[in-house]
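Novice: Coordinates in my_file-v1.cif, mmCIF, N, CA, C and O atoms, are listed below.
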data_input
loop_
_atom_site.label_atom_id
_atom_site.label_comp_id
_atom_site.auth_asym_id
_atom_site.auth_seq_id
_atom_site.Cartn_x
_atom_site.Cartn_y
_atom_site.Cartn_z
N GLY A 23 -4.25 -7.85 -9.19
CA GLY A 23 -3.65 -6.76 -9.95
C GLY A 23 -3.87 -6.94 -11.41
O GLY A 23 -4.22 -8.01 -11.89
N ARG A 24 -3.60 -5.87 -12.16
CA ARG A 24 -3.78 -5.90 -13.61
C ARG A 24 -2.53 -5.39 -14.30
O ARG A 24 -2.59 -4.60 -15.23
N GLY A 25 -1.36 -5.84 -13.82
CA GLY A 25 -0.12 -5.41 -14.45
C GLY A 25 0.07 -3.92 -14.34
O GLY A 25 -0.01 -3.36 -13.27
N SER A 26 0.27 -3.25 -15.47
CA SER A 26 0.53 -1.82 -15.46
C SER A 26 -0.72 -1.01 -15.11
O SER A 26 -0.64 0.18 -14.89
N ARG A 27 -1.89 -1.67 -15.08
CA ARG A 27 -3.12 -0.96 -14.75
C ARG A 27 -3.44 -1.02 -13.27
O ARG A 27 -4.56 -0.76 -12.85
N TYR A 28 -2.45 -1.37 -12.48
CA TYR A 28 -2.60 -1.41 -11.02
C TYR A 28 -3.19 -0.10 -10.53
O TYR A 28 -2.80 0.97 -10.97
N ASP A 29 -4.13 -0.17 -9.62
CA ASP A 29 -4.69 1.06 -9.07
C ASP A 29 -4.85 0.96 -7.55
O ASP A 29 -4.47 -0.04 -6.94
N ALA A 30 -5.40 1.99 -6.98
CA ALA A 30 -5.52 2.07 -5.52
C ALA A 30 -6.35 0.92 -4.95
O ALA A 30 -6.06 0.42 -3.87
N ALA A 31 -7.37 0.49 -5.67
CA ALA A 31 -8.22 -0.60 -5.18
C ALA A 31 -7.41 -1.88 -5.02
O ALA A 31 -7.64 -2.66 -4.09
N ASP A 32 -6.43 -2.10 -5.91
CA ASP A 32 -5.56 -3.27 -5.80
C ASP A 32 -4.76 -3.22 -4.50
O ASP A 32 -4.55 -4.23 -3.85
N HIS A 33 -4.30 -2.02 -4.16
CA HIS A 33 -3.48 -1.90 -2.97
C HIS A 33 -4.31 -2.08 -1.71
O HIS A 33 -3.88 -2.72 -0.76
N VAL A 34 -5.50 -1.54 -1.71
CA VAL A 34 -6.42 -1.72 -0.58
C VAL A 34 -6.69 -3.22 -0.41
O VAL A 34 -6.66 -3.75 0.70
N ALA A 35 -6.92 -3.91 -1.53
CA ALA A 35 -7.18 -5.35 -1.49
C ALA A 35 -5.97 -6.11 -0.95
O ALA A 35 -6.11 -7.07 -0.20
N PHE A 36 -4.77 -5.68 -1.32
CA PHE A 36 -3.54 -6.32 -0.86
C PHE A 36 -3.44 -6.27 0.67
O PHE A 36 -3.19 -7.27 1.32
N PHE A 37 -3.66 -5.07 1.23
CA PHE A 37 -3.56 -4.94 2.68
C PHE A 37 -4.66 -5.74 3.38
O PHE A 37 -4.44 -6.32 4.44
N GLY A 38 -5.83 -5.78 2.79
CA GLY A 38 -6.91 -6.60 3.34
C GLY A 38 -6.54 -8.07 3.35
O GLY A 38 -6.80 -8.79 4.32
N LYS A 39 -5.90 -8.52 2.27
CA LYS A 39 -5.48 -9.92 2.16
C LYS A 39 -4.40 -10.23 3.20
O LYS A 39 -4.42 -11.29 3.82
N LEU A 40 -3.45 -9.32 3.37
CA LEU A 40 -2.40 -9.53 4.39
C LEU A 40 -3.02 -9.69 5.77
O LEU A 40 -2.64 -10.57 6.53
N ALA A 41 -3.97 -8.82 6.08
CA ALA A 41 -4.64 -8.89 7.39
C ALA A 41 -5.38 -10.22 7.53
O ALA A 41 -5.31 -10.87 8.57
N GLU A 42 -6.03 -10.64 6.46
CA GLU A 42 -6.78 -11.91 6.47
C GLU A 42 -5.82 -13.09 6.70
O GLU A 42 -6.10 -13.98 7.51
N LEU A 43 -4.68 -13.07 6.00
CA LEU A 43 -3.70 -14.16 6.14
C LEU A 43 -3.11 -14.23 7.55
O LEU A 43 -2.68 -15.28 7.99
N SER A 44 -3.12 -13.09 8.23
CA SER A 44 -2.56 -13.08 9.59
C SER A 44 -3.41 -13.90 10.56
O SER A 44 -2.93 -14.35 11.59
N GLY A 45 -4.70 -14.06 10.21
CA GLY A 45 -5.61 -14.76 11.09
C GLY A 45 -5.99 -13.94 12.32
O GLY A 45 -6.66 -14.42 13.21
N ASN A 46 -5.57 -12.68 12.33
CA ASN A 46 -5.82 -11.80 13.47
C ASN A 46 -7.06 -10.95 13.17
O ASN A 46 -7.00 -10.02 12.37
N ARG A 47 -8.17 -11.29 13.82
CA ARG A 47 -9.45 -10.61 13.54
C ARG A 47 -9.40 -9.12 13.88
O ARG A 47 -9.97 -8.30 13.18
N VAL A 48 -8.68 -8.76 14.94
CA VAL A 48 -8.57 -7.35 15.32
C VAL A 48 -7.85 -6.57 14.22
O VAL A 48 -8.26 -5.48 13.83
N LEU A 49 -6.76 -7.15 13.69
CA LEU A 49 -6.03 -6.51 12.60
C LEU A 49 -6.92 -6.37 11.37
O LEU A 49 -6.93 -5.33 10.72
N GLN A 50 -7.68 -7.40 11.08
CA GLN A 50 -8.59 -7.35 9.92
C GLN A 50 -9.58 -6.20 10.06
O GLN A 50 -9.81 -5.44 9.11
N LEU A 51 -10.18 -6.06 11.25
CA LEU A 51 -11.15 -4.99 11.48
C LEU A 51 -10.49 -3.62 11.45
O LEU A 51 -11.05 -2.66 10.93
N ALA A 52 -9.28 -3.53 11.99
CA ALA A 52 -8.57 -2.25 12.03
C ALA A 52 -8.16 -1.78 10.64
O ALA A 52 -8.12 -0.58 10.38
N MET A 53 -7.86 -2.71 9.75
CA MET A 53 -7.39 -2.34 8.41
C MET A 53 -8.49 -1.73 7.55
O MET A 53 -8.21 -0.93 6.67
N GLN A 54 -9.74 -2.11 7.80
CA GLN A 54 -10.83 -1.65 6.93
C GLN A 54 -10.95 -0.13 6.88
O GLN A 54 -10.89 0.45 5.78
N PRO A 55 -11.07 0.57 8.01
CA PRO A 55 -11.18 2.03 7.91
C PRO A 55 -9.88 2.69 7.44
O PRO A 55 -9.91 3.69 6.74
N VAL A 56 -8.75 2.11 7.80
CA VAL A 56 -7.46 2.68 7.38
C VAL A 56 -7.34 2.66 5.87
O VAL A 56 -6.98 3.67 5.25
N THR A 57 -7.64 1.52 5.26
CA THR A 57 -7.50 1.43 3.81
C THR A 57 -8.54 2.29 3.09
O THR A 57 -8.25 2.86 2.04
N ARG A 58 -9.73 2.42 3.67
CA ARG A 58 -10.73 3.30 3.05
C ARG A 58 -10.27 4.75 3.07
O ARG A 58 -10.50 5.50 2.12
N LEU A 59 -9.61 5.17 4.15
CA LEU A 59 -9.10 6.53 4.23
C LEU A 59 -7.91 6.74 3.30
O LEU A 59 -7.71 7.82 2.75
N LEU A 60 -7.12 5.69 3.13
CA LEU A 60 -5.92 5.78 2.31
C LEU A 60 -6.22 5.83 0.81
O LEU A 60 -5.51 6.51 0.06
N ALA A 61 -7.26 5.15 0.38
CA ALA A 61 -7.51 4.96 -1.05
C ALA A 61 -7.54 6.25 -1.89
O ALA A 61 -6.89 6.30 -2.93
N PRO A 62 -8.25 7.31 -1.48
CA PRO A 62 -8.31 8.50 -2.36
C PRO A 62 -6.95 9.15 -2.58
O PRO A 62 -6.60 9.51 -3.71
N SER A 63 -6.16 9.32 -1.51
CA SER A 63 -4.86 9.95 -1.68
C SER A 63 -3.89 9.01 -2.38
O SER A 63 -3.03 9.44 -3.14
N LEU A 64 -4.04 7.72 -2.16
CA LEU A 64 -3.21 6.74 -2.84
C LEU A 64 -3.47 6.79 -4.34
O LEU A 64 -2.54 6.77 -5.15
N ARG A 65 -4.73 6.90 -4.72
CA ARG A 65 -5.09 7.01 -6.14
C ARG A 65 -4.42 8.23 -6.76
O ARG A 65 -3.86 8.17 -7.85
N ARG A 66 -4.45 9.34 -6.05
CA ARG A 66 -3.83 10.57 -6.54
C ARG A 66 -2.32 10.39 -6.69
O ARG A 66 -1.72 10.80 -7.68
N MET A 67 -1.70 9.75 -5.69
CA MET A 67 -0.25 9.54 -5.74
C MET A 67 0.13 8.67 -6.93
O MET A 67 1.06 8.97 -7.67
N ILE A 68 -0.60 7.58 -7.15
CA ILE A 68 -0.30 6.67 -8.27
C ILE A 68 -0.45 7.39 -9.60
O ILE A 68 0.34 7.19 -10.52
N ASP A 69 -1.45 8.26 -9.72
CA ASP A 69 -1.64 9.03 -10.95
C ASP A 69 -0.49 9.99 -11.20
O ASP A 69 -0.07 10.20 -12.33
N ARG A 70 0.03 10.59 -10.14
CA ARG A 70 1.08 11.61 -10.28
C ARG A 70 2.49 11.03 -10.33
O ARG A 70 3.41 11.71 -10.80
N VAL A 71 2.68 9.84 -9.80
CA VAL A 71 4.01 9.23 -9.74
C VAL A 71 3.91 7.84 -10.39
O VAL A 71 3.80 6.83 -9.69
N PRO A 72 3.95 7.80 -11.74
CA PRO A 72 3.73 6.54 -12.45
C PRO A 72 4.66 5.40 -12.04
O PRO A 72 4.26 4.24 -12.01
N GLN A 73 5.92 5.71 -11.71
CA GLN A 73 6.86 4.65 -11.31
C GLN A 73 6.43 3.99 -10.01
O GLN A 73 6.91 2.90 -9.67
N GLY A 74 5.53 4.63 -9.28
CA GLY A 74 5.04 4.06 -8.04
C GLY A 74 4.36 2.72 -8.24
O GLY A 74 4.49 1.83 -7.40
N ARG A 75 3.66 2.56 -9.36
CA ARG A 75 2.97 1.29 -9.62
C ARG A 75 3.94 0.12 -9.61
O ARG A 75 3.70 -0.90 -8.97
N THR A 76 5.05 0.27 -10.34
CA THR A 76 6.03 -0.82 -10.44
C THR A 76 6.64 -1.11 -9.09
O THR A 76 6.76 -2.27 -8.68
N ARG A 77 7.01 -0.06 -8.35
CA ARG A 77 7.63 -0.25 -7.04
C ARG A 77 6.67 -0.94 -6.07
O ARG A 77 7.07 -1.79 -5.29
N ILE A 78 5.40 -0.57 -6.14
CA ILE A 78 4.38 -1.19 -5.29
C ILE A 78 4.25 -2.68 -5.61
O ILE A 78 4.25 -3.52 -4.72
N LEU A 79 4.16 -3.00 -6.90
CA LEU A 79 3.99 -4.39 -7.31
C LEU A 79 5.18 -5.25 -6.91
O LEU A 79 5.01 -6.37 -6.43
N VAL A 80 6.39 -4.74 -7.10
CA VAL A 80 7.60 -5.49 -6.72
C VAL A 80 7.60 -5.75 -5.22
O VAL A 80 7.82 -6.88 -4.77
N ALA A 81 7.34 -4.70 -4.44
CA ALA A 81 7.35 -4.86 -2.98
C ALA A 81 6.28 -5.85 -2.53
O ALA A 81 6.56 -6.73 -1.70
N GLN A 82 5.09 -5.75 -3.08
CA GLN A 82 4.02 -6.66 -2.68
C GLN A 82 4.37 -8.10 -3.00
O GLN A 82 4.16 -9.00 -2.20
N ARG A 83 4.94 -8.31 -4.18
CA ARG A 83 5.34 -9.66 -4.58
C ARG A 83 6.37 -10.22 -3.60
O ARG A 83 6.28 -11.37 -3.18
N CYS A 84 7.34 -9.39 -3.23
CA CYS A 84 8.41 -9.83 -2.32
C CYS A 84 7.87 -10.07 -0.91
O CYS A 84 8.31 -11.02 -0.24
N ILE A 85 6.94 -9.24 -0.46
CA ILE A 85 6.33 -9.42 0.86
C ILE A 85 5.58 -10.75 0.92
O ILE A 85 5.76 -11.54 1.85
N VAL A 86 4.77 -10.99 -0.09
CA VAL A 86 3.98 -12.23 -0.12
C VAL A 86 4.90 -13.45 -0.20
O VAL A 86 4.69 -14.45 0.50
N GLU A 87 5.94 -13.37 -1.03
CA GLU A 87 6.88 -14.49 -1.16
C GLU A 87 7.58 -14.77 0.16
O GLU A 87 7.73 -15.93 0.56
N ALA A 88 8.00 -13.72 0.86
CA ALA A 88 8.67 -13.90 2.15
C ALA A 88 7.73 -14.56 3.17
O ALA A 88 8.14 -15.43 3.94
N ILE A 89 6.46 -14.16 3.15
CA ILE A 89 5.48 -14.76 4.06
C ILE A 89 5.28 -16.23 3.71
O ILE A 89 5.29 -17.09 4.59
N ARG A 90 5.14 -16.52 2.42
CA ARG A 90 4.97 -17.91 1.97
C ARG A 90 6.14 -18.79 2.40
O ARG A 90 5.96 -19.95 2.72
N GLU A 91 7.34 -18.21 2.34
CA GLU A 91 8.55 -18.97 2.66
C GLU A 91 8.89 -18.92 4.16
O GLU A 91 9.96 -19.36 4.55
N HIS A 92 7.96 -18.36 4.95
CA HIS A 92 8.15 -18.28 6.41
C HIS A 92 9.45 -17.55 6.76
O HIS A 92 10.25 -18.04 7.57
N LYS A 93 9.64 -16.39 6.12
CA LYS A 93 10.81 -15.55 6.39
C LYS A 93 10.34 -14.20 6.94
O LYS A 93 10.27 -13.21 6.21
N PRO A 94 9.99 -14.17 8.23
CA PRO A 94 9.42 -12.94 8.80
C PRO A 94 10.35 -11.73 8.74
O PRO A 94 9.89 -10.61 8.52
N ASP A 95 11.65 -11.94 8.90
CA ASP A 95 12.59 -10.81 8.85
C ASP A 95 12.60 -10.18 7.46
O ASP A 95 12.64 -8.96 7.32
N GLU A 96 12.57 -11.03 6.44
CA GLU A 96 12.56 -10.54 5.06
C GLU A 96 11.24 -9.81 4.77
O GLU A 96 11.23 -8.75 4.14
N ALA A 97 10.14 -10.38 5.23
CA ALA A 97 8.82 -9.74 5.03
C ALA A 97 8.81 -8.38 5.71
O ALA A 97 8.33 -7.39 5.14
N GLU A 98 9.34 -8.31 6.93
CA GLU A 98 9.37 -7.04 7.66
C GLU A 98 10.25 -6.02 6.95
O GLU A 98 9.90 -4.85 6.83
N SER A 99 11.39 -6.47 6.44
CA SER A 99 12.31 -5.58 5.72
C SER A 99 11.64 -4.99 4.48
O SER A 99 11.71 -3.79 4.22
N TRP A 100 10.96 -5.86 3.70
CA TRP A 100 10.26 -5.38 2.51
C TRP A 100 9.11 -4.44 2.87
O TRP A 100 8.87 -3.44 2.19
N MET A 101 8.39 -4.74 3.95
CA MET A 101 7.28 -3.88 4.34
C MET A 101 7.80 -2.51 4.78
O MET A 101 7.20 -1.48 4.45
N THR A 102 8.93 -2.49 5.47
CA THR A 102 9.53 -1.22 5.87
C THR A 102 9.89 -0.40 4.64
O THR A 102 9.59 0.80 4.56
N ARG A 103 10.52 -1.04 3.66
CA ARG A 103 10.87 -0.35 2.41
C ARG A 103 9.61 0.15 1.70
O ARG A 103 9.59 1.24 1.13
N HIS A 104 8.57 -0.68 1.73
CA HIS A 104 7.30 -0.35 1.09
C HIS A 104 6.70 0.92 1.70
O HIS A 104 6.27 1.83 0.99
N VAL A 105 6.70 0.99 3.02
CA VAL A 105 6.16 2.17 3.72
C VAL A 105 7.01 3.40 3.41
O VAL A 105 6.49 4.50 3.15
N GLN A 106 8.33 3.24 3.39
CA GLN A 106 9.22 4.36 3.05
C GLN A 106 8.98 4.83 1.62
O GLN A 106 8.99 6.03 1.34
N ASP A 107 8.76 3.88 0.71
CA ASP A 107 8.44 4.23 -0.68
C ASP A 107 7.15 5.02 -0.76
O ASP A 107 7.03 5.96 -1.55
N PHE A 108 6.16 4.63 0.04
CA PHE A 108 4.90 5.37 0.05
C PHE A 108 5.13 6.80 0.46
O PHE A 108 4.63 7.73 -0.16
N ARG A 109 5.89 6.98 1.52
CA ARG A 109 6.18 8.32 1.99
C ARG A 109 6.84 9.14 0.88
O ARG A 109 6.45 10.28 0.62
N ARG A 110 7.81 8.56 0.21
CA ARG A 110 8.51 9.25 -0.88
C ARG A 110 7.55 9.54 -2.03
O ARG A 110 7.58 10.61 -2.63
N GLY A 111 6.69 8.57 -2.34
CA GLY A 111 5.70 8.76 -3.41
C GLY A 111 4.77 9.92 -3.12
O GLY A 111 4.48 10.73 -3.99
N TYR A 112 4.33 10.02 -1.86
CA TYR A 112 3.45 11.12 -1.47
C TYR A 112 4.20 12.45 -1.59
O TYR A 112 3.64 13.44 -2.06
N GLU A 113 5.47 12.46 -1.18
CA GLU A 113 6.27 13.68 -1.30
C GLU A 113 6.41 14.09 -2.77
O GLU A 113 6.23 15.25 -3.12
N LEU A 114 6.73 13.12 -3.64
CA LEU A 114 6.89 13.40 -5.07
C LEU A 114 5.58 13.89 -5.69
O LEU A 114 5.59 14.70 -6.61
N ALA A 115 4.47 13.37 -5.19
CA ALA A 115 3.16 13.75 -5.72
C ALA A 115 2.67 15.08 -5.15
O ALA A 115 1.66 15.62 -5.57
N GLY A 116 3.41 15.62 -4.16
CA GLY A 116 3.01 16.89 -3.55
C GLY A 116 1.84 16.76 -2.61
O GLY A 116 1.07 17.71 -2.41
N ILE A 117 1.68 15.58 -2.03
CA ILE A 117 0.59 15.35 -1.07
C ILE A 117 1.17 15.45 0.34
O ILE A 117 2.08 14.71 0.69
N GLU A 118 0.65 16.37 1.12
CA GLU A 118 1.11 16.53 2.50
C GLU A 118 0.70 15.32 3.33
O GLU A 118 -0.45 14.90 3.28
N LEU A 119 1.63 14.79 4.10
CA LEU A 119 1.33 13.61 4.92
C LEU A 119 0.39 13.94 6.06
O LEU A 119 -0.27 13.05 6.59
N ASP A 120 0.29 15.21 6.45
CA ASP A 120 -0.61 15.55 7.55
C ASP A 120 -1.93 16.14 7.05
O ASP A 120 -2.66 16.76 7.81
N THR A 121 -2.23 15.93 5.76
CA THR A 121 -3.50 16.42 5.21
C THR A 121 -4.66 15.79 5.95
O THR A 121 -4.68 14.59 6.18
N LYS A 122 -5.61 16.61 6.37
CA LYS A 122 -6.80 16.08 7.04
C LYS A 122 -7.65 15.34 6.02
O LYS A 122 -7.82 15.79 4.90
N VAL A 123 -8.14 14.20 6.41
CA VAL A 123 -8.94 13.37 5.53
C VAL A 123 -10.39 13.43 5.99
O VAL A 123 -10.68 13.24 7.16
N GLY A 124 -11.25 13.71 5.05
CA GLY A 124 -12.68 13.76 5.37
C GLY A 124 -13.47 13.61 4.10
O GLY A 124 -12.91 13.52 3.00
N ILE A 125 -14.77 13.59 4.20
CA ILE A 125 -15.61 13.43 3.04
C ILE A 125 -15.36 14.57 2.06
O ILE A 125 -15.49 15.73 2.39
N GLY A 126 -14.96 14.19 0.86
CA GLY A 126 -14.75 15.17 -0.20
C GLY A 126 -13.40 15.87 -0.15
O GLY A 126 -13.04 16.56 -1.09
N SER A 127 -12.61 15.71 0.91
CA SER A 127 -11.36 16.47 1.01
C SER A 127 -10.31 15.99 0.04
O SER A 127 -9.39 16.71 -0.27
N MET A 128 -10.43 14.77 -0.46
CA MET A 128 -9.45 14.26 -1.37
C MET A 128 -9.94 14.27 -2.82
O MET A 128 -9.29 13.78 -3.71
N ALA A 129 -11.12 14.79 -3.04
CA ALA A 129 -11.66 14.83 -4.41
C ALA A 129 -10.89 15.84 -5.23
O ALA A 129 -10.53 16.89 -4.75
N ASP A 130 -10.62 15.48 -6.47
CA ASP A 130 -9.92 16.41 -7.37
C ASP A 130 -10.91 17.35 -8.03
O ASP A 130 -12.03 17.03 -8.25
#
Would you write out, as C-alpha cells, the structure that this file holds?

Specialist:
Amino acid sequence: GRGSRYDAADHVAFFGKLAELSGNRVLQLAMQPVTRLLAPSLRRMIDRVPQGRTRILVAQRCIVEAIREHKPDEAESWMTRHVQDFRRGYELAGIELDTKVGIGSMAD
C-alpha cells in the first residue's frame, strides 16, 4: 500500500496474498479471475467514496494481524465487516451490485 494513495491494485494484491498465505492452491486459482473482475468497479468505488480507503486499510491490517496471531475467529469477524463495508461502499458510490461485468462495461 501507499498510505492515502491506496488504490484498487493494492486491494487485488491483498486478496492474492491472503490466498497465497492459505496454502490452498484451489483458492489461489479461484481468486485470480474474481479479483480481476472486481478491480474496475472497486477503483470506481474508491474514487467516489474517499473514506473507503481508510476503512479498507484498517480492516486489512486487522485481518492480517489476526491471522499472524492465530486468531481465526477475529480474522473471520474482520473479514465479515470488510465485506459489509464493501457492500456499503458500492451503495454509496451508486454502483449496482448486480451490474453485469464484461469487457468495457466498467469503463468510465

Novice: I'd like to see the residues matched by the PyMOL selection byres ((chain A and resi 34-44) around 8) on this file, and ideally I'd get them as a list in words.

Specialist: Asp29, Ala30, Ala31, Asp32, His33, Gly45, Asn46, Arg47, Val48, Leu49, Gln50, Leu51, Met53, Gln54, Val56, Thr57, Arg58, Leu60, Ala61 and Gln82 of chain A

Novice: Calculate how many Å separate CA of Met101 in chain A from CA of Ala115 in chain A, rounding to one decimal.

Specialist: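 These two atoms are separated by 20.7 Å.
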
Novice: Enumerate, as a VMD selection string, the residues matched when the PyMOL selection byres ((chain A and resi 66) around 8) is run on the file above.

Specialist: chain A and resid 30 60 to 65 67 to 72 111 to 112 115 to 116 128

Novice: Restricting it to N, CA, C and O atoms, dump the selection as a short mmCIF file (atom, residue, chain, number, x, y, z; two decimals), keeping the file's coordinate frame.

Specialist:
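The resulting file, part-v7.cif, is reproduced below:
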data_model
loop_
_atom_site.label_atom_id
_atom_site.label_comp_id
_atom_site.auth_asym_id
_atom_site.auth_seq_id
_atom_site.Cartn_x
_atom_site.Cartn_y
_atom_site.Cartn_z
N ALA A 30 -5.40 1.99 -6.98
CA ALA A 30 -5.52 2.07 -5.52
C ALA A 30 -6.35 0.92 -4.95
O ALA A 30 -6.06 0.42 -3.87
N LEU A 60 -7.12 5.69 3.13
CA LEU A 60 -5.92 5.78 2.31
C LEU A 60 -6.22 5.83 0.81
O LEU A 60 -5.51 6.51 0.06
N ALA A 61 -7.26 5.15 0.38
CA ALA A 61 -7.51 4.96 -1.05
C ALA A 61 -7.54 6.25 -1.89
O ALA A 61 -6.89 6.30 -2.93
N PRO A 62 -8.25 7.31 -1.48
CA PRO A 62 -8.31 8.50 -2.36
C PRO A 62 -6.95 9.15 -2.58
O PRO A 62 -6.60 9.51 -3.71
N SER A 63 -6.16 9.32 -1.51
CA SER A 63 -4.86 9.95 -1.68
C SER A 63 -3.89 9.01 -2.38
O SER A 63 -3.03 9.44 -3.14
N LEU A 64 -4.04 7.72 -2.16
CA LEU A 64 -3.21 6.74 -2.84
C LEU A 64 -3.47 6.79 -4.34
O LEU A 64 -2.54 6.77 -5.15
N ARG A 65 -4.73 6.90 -4.72
CA ARG A 65 -5.09 7.01 -6.14
C ARG A 65 -4.42 8.23 -6.76
O ARG A 65 -3.86 8.17 -7.85
N MET A 67 -1.70 9.75 -5.69
CA MET A 67 -0.25 9.54 -5.74
C MET A 67 0.13 8.67 -6.93
O MET A 67 1.06 8.97 -7.67
N ILE A 68 -0.60 7.58 -7.15
CA ILE A 68 -0.30 6.67 -8.27
C ILE A 68 -0.45 7.39 -9.60
O ILE A 68 0.34 7.19 -10.52
N ASP A 69 -1.45 8.26 -9.72
CA ASP A 69 -1.64 9.03 -10.95
C ASP A 69 -0.49 9.99 -11.20
O ASP A 69 -0.07 10.20 -12.33
N ARG A 70 0.03 10.59 -10.14
CA ARG A 70 1.08 11.61 -10.28
C ARG A 70 2.49 11.03 -10.33
O ARG A 70 3.41 11.71 -10.80
N VAL A 71 2.68 9.84 -9.80
CA VAL A 71 4.01 9.23 -9.74
C VAL A 71 3.91 7.84 -10.39
O VAL A 71 3.80 6.83 -9.69
N PRO A 72 3.95 7.80 -11.74
CA PRO A 72 3.73 6.54 -12.45
C PRO A 72 4.66 5.40 -12.04
O PRO A 72 4.26 4.24 -12.01
N GLY A 111 6.69 8.57 -2.34
CA GLY A 111 5.70 8.76 -3.41
C GLY A 111 4.77 9.92 -3.12
O GLY A 111 4.48 10.73 -3.99
N TYR A 112 4.33 10.02 -1.86
CA TYR A 112 3.45 11.12 -1.47
C TYR A 112 4.20 12.45 -1.59
O TYR A 112 3.64 13.44 -2.06
N ALA A 115 4.47 13.37 -5.19
CA ALA A 115 3.16 13.75 -5.72
C ALA A 115 2.67 15.08 -5.15
O ALA A 115 1.66 15.62 -5.57
N GLY A 116 3.41 15.62 -4.16
CA GLY A 116 3.01 16.89 -3.55
C GLY A 116 1.84 16.76 -2.61
O GLY A 116 1.07 17.71 -2.41
N MET A 128 -10.43 14.77 -0.46
CA MET A 128 -9.45 14.26 -1.37
C MET A 128 -9.94 14.27 -2.82
O MET A 128 -9.29 13.78 -3.71
#

Novice: Please indicate the distance in Å from CA of Lys93 in chain A to CA of Arg75 in chain A, rounded to one decimal place.

Specialist: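 Spanning CA of Lys93 in chain A to CA of Arg75 in chain A is a straight-line distance of 24.5 Å.
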
Novice: Neighbouring residues of Ile85 in chain A were defined as those with any atom within 9 Å, considering only C-alpha atoms; residues of the same chain fewer than 5 positions away were excluded. Please report them as JSON, numbers by chain.

Specialist: {"A": [80, 90, 96, 97, 98, 99, 100, 101]}

Novice: Please measure the separation of atom N of Gln73 in chain A and CA of Arg110 in chain A, giving the value in Å to one decimal.

Specialist: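 Interatomic distance, atom N of Gln73 in chain A to CA of Arg110 in chain A: 11.7 Å.
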